[in-house]
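Here is the structure we will look at, set down as structure tokens.
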Amino acid sequence: MTARDAVYAFFPATGSAVGNDFRRKNFMMQVPGEFPIIKEDNVTHSFCGLACVGWMYQKIKDSFFLILGTHTCAHFLQNALGMMIFAKPRFGIALIEEGDLAKHEPGLEDIVAEIKADHHPSVIFLLSSCTPEVMKVDFKGLAHHLSTPEVPVLFVPASGLVYNFTQAEDSVLHSLVPYCPEAPAGKKNVVFLGSVNDVTADDLRAEAEELGIPVGGFLPESRFDRMPAIGPDTVLAPIQPYLSRVAVKLARERGARVLNSLFPFGPDGTRVFWEDLAKEFGIQVDLRDREKAAWEKIRQQTELLRGKKVFLTADTMMELPLARFLKSAGADVVECSSAYINKKFHSRELEALEGVRVVEQPNFHRQLEDIKRDRPDLIVTSLMTANPFVGHGFIVKWSMEFTLMSIHSWSGVFTLANLFVSPFNRRSKLPAFDETVWLEGVMPSAE
Ligand code: SF4
């Protein structure tokens, strides 16, 4: 298949029959409840959960991430995180070879000994992948067998069979829960839930303290031995929208209260987040002036976004708060789809998205049909689906970038707005779109 064929297979000229068939059989299953969500039960075109290693190993600085996987996983990680190789990464893959298929359990003792000698980690995360999961490797038993009191080995389910891109962070945090001390009743403070870089963490901590909110820490902290104490009077403030499972676990096991608010993205989300969090501690704050000032700071960007049709395909599970920010900024969100939506955890975002078509586990073929018909001005989509859209003249933003940039709270507002605006600016500097040039220039083999 040539590159041109590939692009047209992606956008079949006569795809409507297939699309309509899909529409009749699988589409538009409305989920009953307060917020109308369409559930399509399809696979999402998202990165594998193993990708979370890229930011988690940088966050927990005394950790090592060991993946038991195949050459496919190694190839994926090398491509996805290849640029980090020069940073002496603390992650690696124990490759399963054909001979291992007959073994009862893969032997990882030598590899773990080597990791300890070379990297001196305080904790090793053992990540599963598709093949060993299909082989029914007993990961829990394996991790237990490799653990020592000095260096625990924690099992993290992360295979692409079950988890997508950001969800594996949820699994990592899950494995850390037993290492969070129990906070006694009466010790009321906030623990921010989600991995952010140290600068953003310092910023969130300073903001909370300025508002008079006592800070108990972050899950995860940047060192394994400093995980926060969590107890019945802890207020968990989720700062990433893909951590519903660990939030539920902490509420159930420790009695912690999970803040139900918007996520701190954009001027609107940031104001509501801080006001709601302060309220949990009996503090009334009015941040409307601050929100107004933040909108003013990004006026140039919002003027460009106003009225633009934006389509978000499912990838990072950050889509709900991103679409809400776009809506508040005046954009016309044609569709916001996400791999997984938790009606309770995401309730405030869903409420703010009233009037927007929200789809869980979307059917990508149906999305292609809709995109062809609606011609959105901007598509926010995964790395693997971006190029064919570009090949058809659409302006595209890689959704992955939102997971890697500092876009939280007040300090992240400008970066967040610019991420949406940069593809328009880039396109305006390029010559008029020419499909032939795109195919010839970027994919010479198309000839
Ligand atoms: S875990 Fe599965 S989906 Fe992820 S890279 Fe390995 S084979 Fe691919």
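A note on labels: chains of the structure tokens are A, B, ... as shown, every chain counts residues from 1, and ligands are counted from 1 in their shown order.
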
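Selection of all polymer residues within 8 Å of ligand 1 on the basis of only C-alpha atoms and all ligand atoms gives Phe47, Cys48, Gly49, Leu50, Gly69, Thr70, His71, Thr72, Cys73, Ala74, His75, Phe76, Leu77, Ser128, Ser129, Cys130, Thr131, Ala158, Ser159, Gly160 and Leu161 of chain A.
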
Legend entry - For range 264-268 of chain A: contacts at 6 Å, only C-alpha atoms, fewer than 6 positions along chain excluded, given as a VMD selection string: chain A and resid 291 294 325 408 to 409 413

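For the pair CA of Ser422 in chain A and CA of Arg348 in chain A, the interatomic distance is 28.1 Å.
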
Write out as a tab-separated table a residue-level contact list of range 305-353 of chain A versus range 385-407 of chain A with cut-off 10 Å: for each qualifying residue the closest pair of atoms and the distance in Å to one decimal, counting only C-alpha atoms, rows sorted by chain and residue number upward.
residue	atom	partner	partner_atom	distance
A:Val310	CA	A:Val396	CA	9.7
A:Phe311	CA	A:Val396	CA	9.6
A:Leu312	CA	A:Ser399	CA	8.5
A:Thr313	CA	A:Ser399	CA	8.8
A:Ala314	CA	A:Ser399	CA	8.9
A:Asp315	CA	A:Ser399	CA	6.9
A:Thr316	CA	A:Met400	CA	6.6
A:Met317	CA	A:Ser399	CA	9.5
A:Met318	CA	A:Phe402	CA	7.9
A:Glu319	CA	A:Ser399	CA	8.4
A:Leu322	CA	A:Phe402	CA	8.9

Legend entry - Residues flagged alpha helix (DSSP H) by DSSP in range 118-186 of chain A, as a PyMOL selection string: chain A and resi 118-119+130-134+139-146+167-176

Residue subset to file, keeping C-alpha atoms, as a short mmCIF file (atom, residue, chain, number, x, y, z; two decimals), in the first residue's frame:
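Dumped to part.cif:
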data_model
loop_
_atom_site.label_atom_id
_atom_site.label_comp_id
_atom_site.auth_asym_id
_atom_site.auth_seq_id
_atom_site.Cartn_x
_atom_site.Cartn_y
_atom_site.Cartn_z
CA ASP A 118 23.69 0.58 38.55
CA HIS A 119 20.89 2.86 39.72
CA CYS A 130 0.36 -7.48 26.42
CA THR A 131 2.26 -10.72 25.77
CA PRO A 132 3.06 -11.73 29.37
CA GLU A 133 -0.50 -10.87 30.35
CA VAL A 134 -1.80 -13.17 27.63
CA PHE A 139 2.98 -10.49 38.05
CA LYS A 140 1.87 -10.06 41.65
CA GLY A 141 3.74 -13.20 42.68
CA LEU A 142 6.76 -12.18 40.62
CA ALA A 143 6.90 -8.71 42.19
CA HIS A 144 6.53 -10.22 45.66
CA HIS A 145 9.33 -12.70 44.95
CA LEU A 146 11.68 -9.93 43.77
CA GLN A 167 -4.34 5.46 32.62
CA ALA A 168 -1.14 3.67 33.59
CA GLU A 169 -0.26 6.63 35.84
CA ASP A 170 -3.38 5.66 37.75
CA SER A 171 -1.93 2.14 38.09
CA VAL A 172 1.42 3.48 39.35
CA LEU A 173 -0.34 5.59 41.99
CA HIS A 174 -2.45 2.57 42.94
CA SER A 175 0.69 0.61 43.71
CA LEU A 176 1.98 3.47 45.88
#

Legend entry - Which residue of A:Ala278, A:Leu262, A:Ile60, A:Leu326 approaches Ser122 in chain A most closely, using only C-alpha atoms: A:Ile60

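For range 47-80 of chain A, the set of residues given strand (DSSP E or B) by DSSP on the backbone reads Cys48, Ser63, Phe64, Phe65, Leu66, Ile67, Leu68 and Gly69 of chain A.
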
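From CA of Glu354 in chain A back to CA of Gly330 in chain A, the distance works out to 14.0 Å.
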
Legend entry - Val359 in chain A surroundings by only C-alpha atoms, 12 Å radius, close-in-sequence under 3 positions cut, as a PyMOL selection string: chain A and resi 27-31+35-42+44+311-314+317+319-320+334-341+350+353+356+362-364+366-367

Each residue of range 267-386 of chain A lying at most 9 Å from range 195-211 of chain A should get a row with its shortest atom-to-atom pair and the distance in Å to one decimal, counting only C-alpha atoms; could you produce that, ordered by chain and increasing number, as a Markdown table?
| residue | atom | partner | partner_atom | distance |
| --- | --- | --- | --- | --- |
| A:Trp274 | CA | A:Ala208 | CA | 7.8 |
| A:Leu277 | CA | A:Ala208 | CA | 8.8 |
| A:Ala278 | CA | A:Leu211 | CA | 7.1 |
| A:Ile283 | CA | A:Leu211 | CA | 8.0 |
| A:Val285 | CA | A:Leu211 | CA | 7.9 |

Hey, can you spit out that residue selection with C-alpha atoms as a compact mmCIF listing (two decimals), in the first residue's frame?
# COMPACT_ATOMS: atom_id res chain seq x y z
CA TRP A 274 -9.29 27.05 44.05
CA LEU A 277 -10.88 23.73 47.47
CA ALA A 278 -10.82 26.72 49.83
CA ILE A 283 -12.44 29.58 53.54
CA VAL A 285 -12.53 33.32 48.41

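Counting only C-alpha atoms and comparing A:Glu296, A:Arg226, A:Glu280, A:Asn260, the residue that lies closest to Pro214 in chain A is A:Glu280.
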
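For the pair CA of Asp62 in chain A and CA of Tyr179 in chain A, the separation is 14.3 Å.
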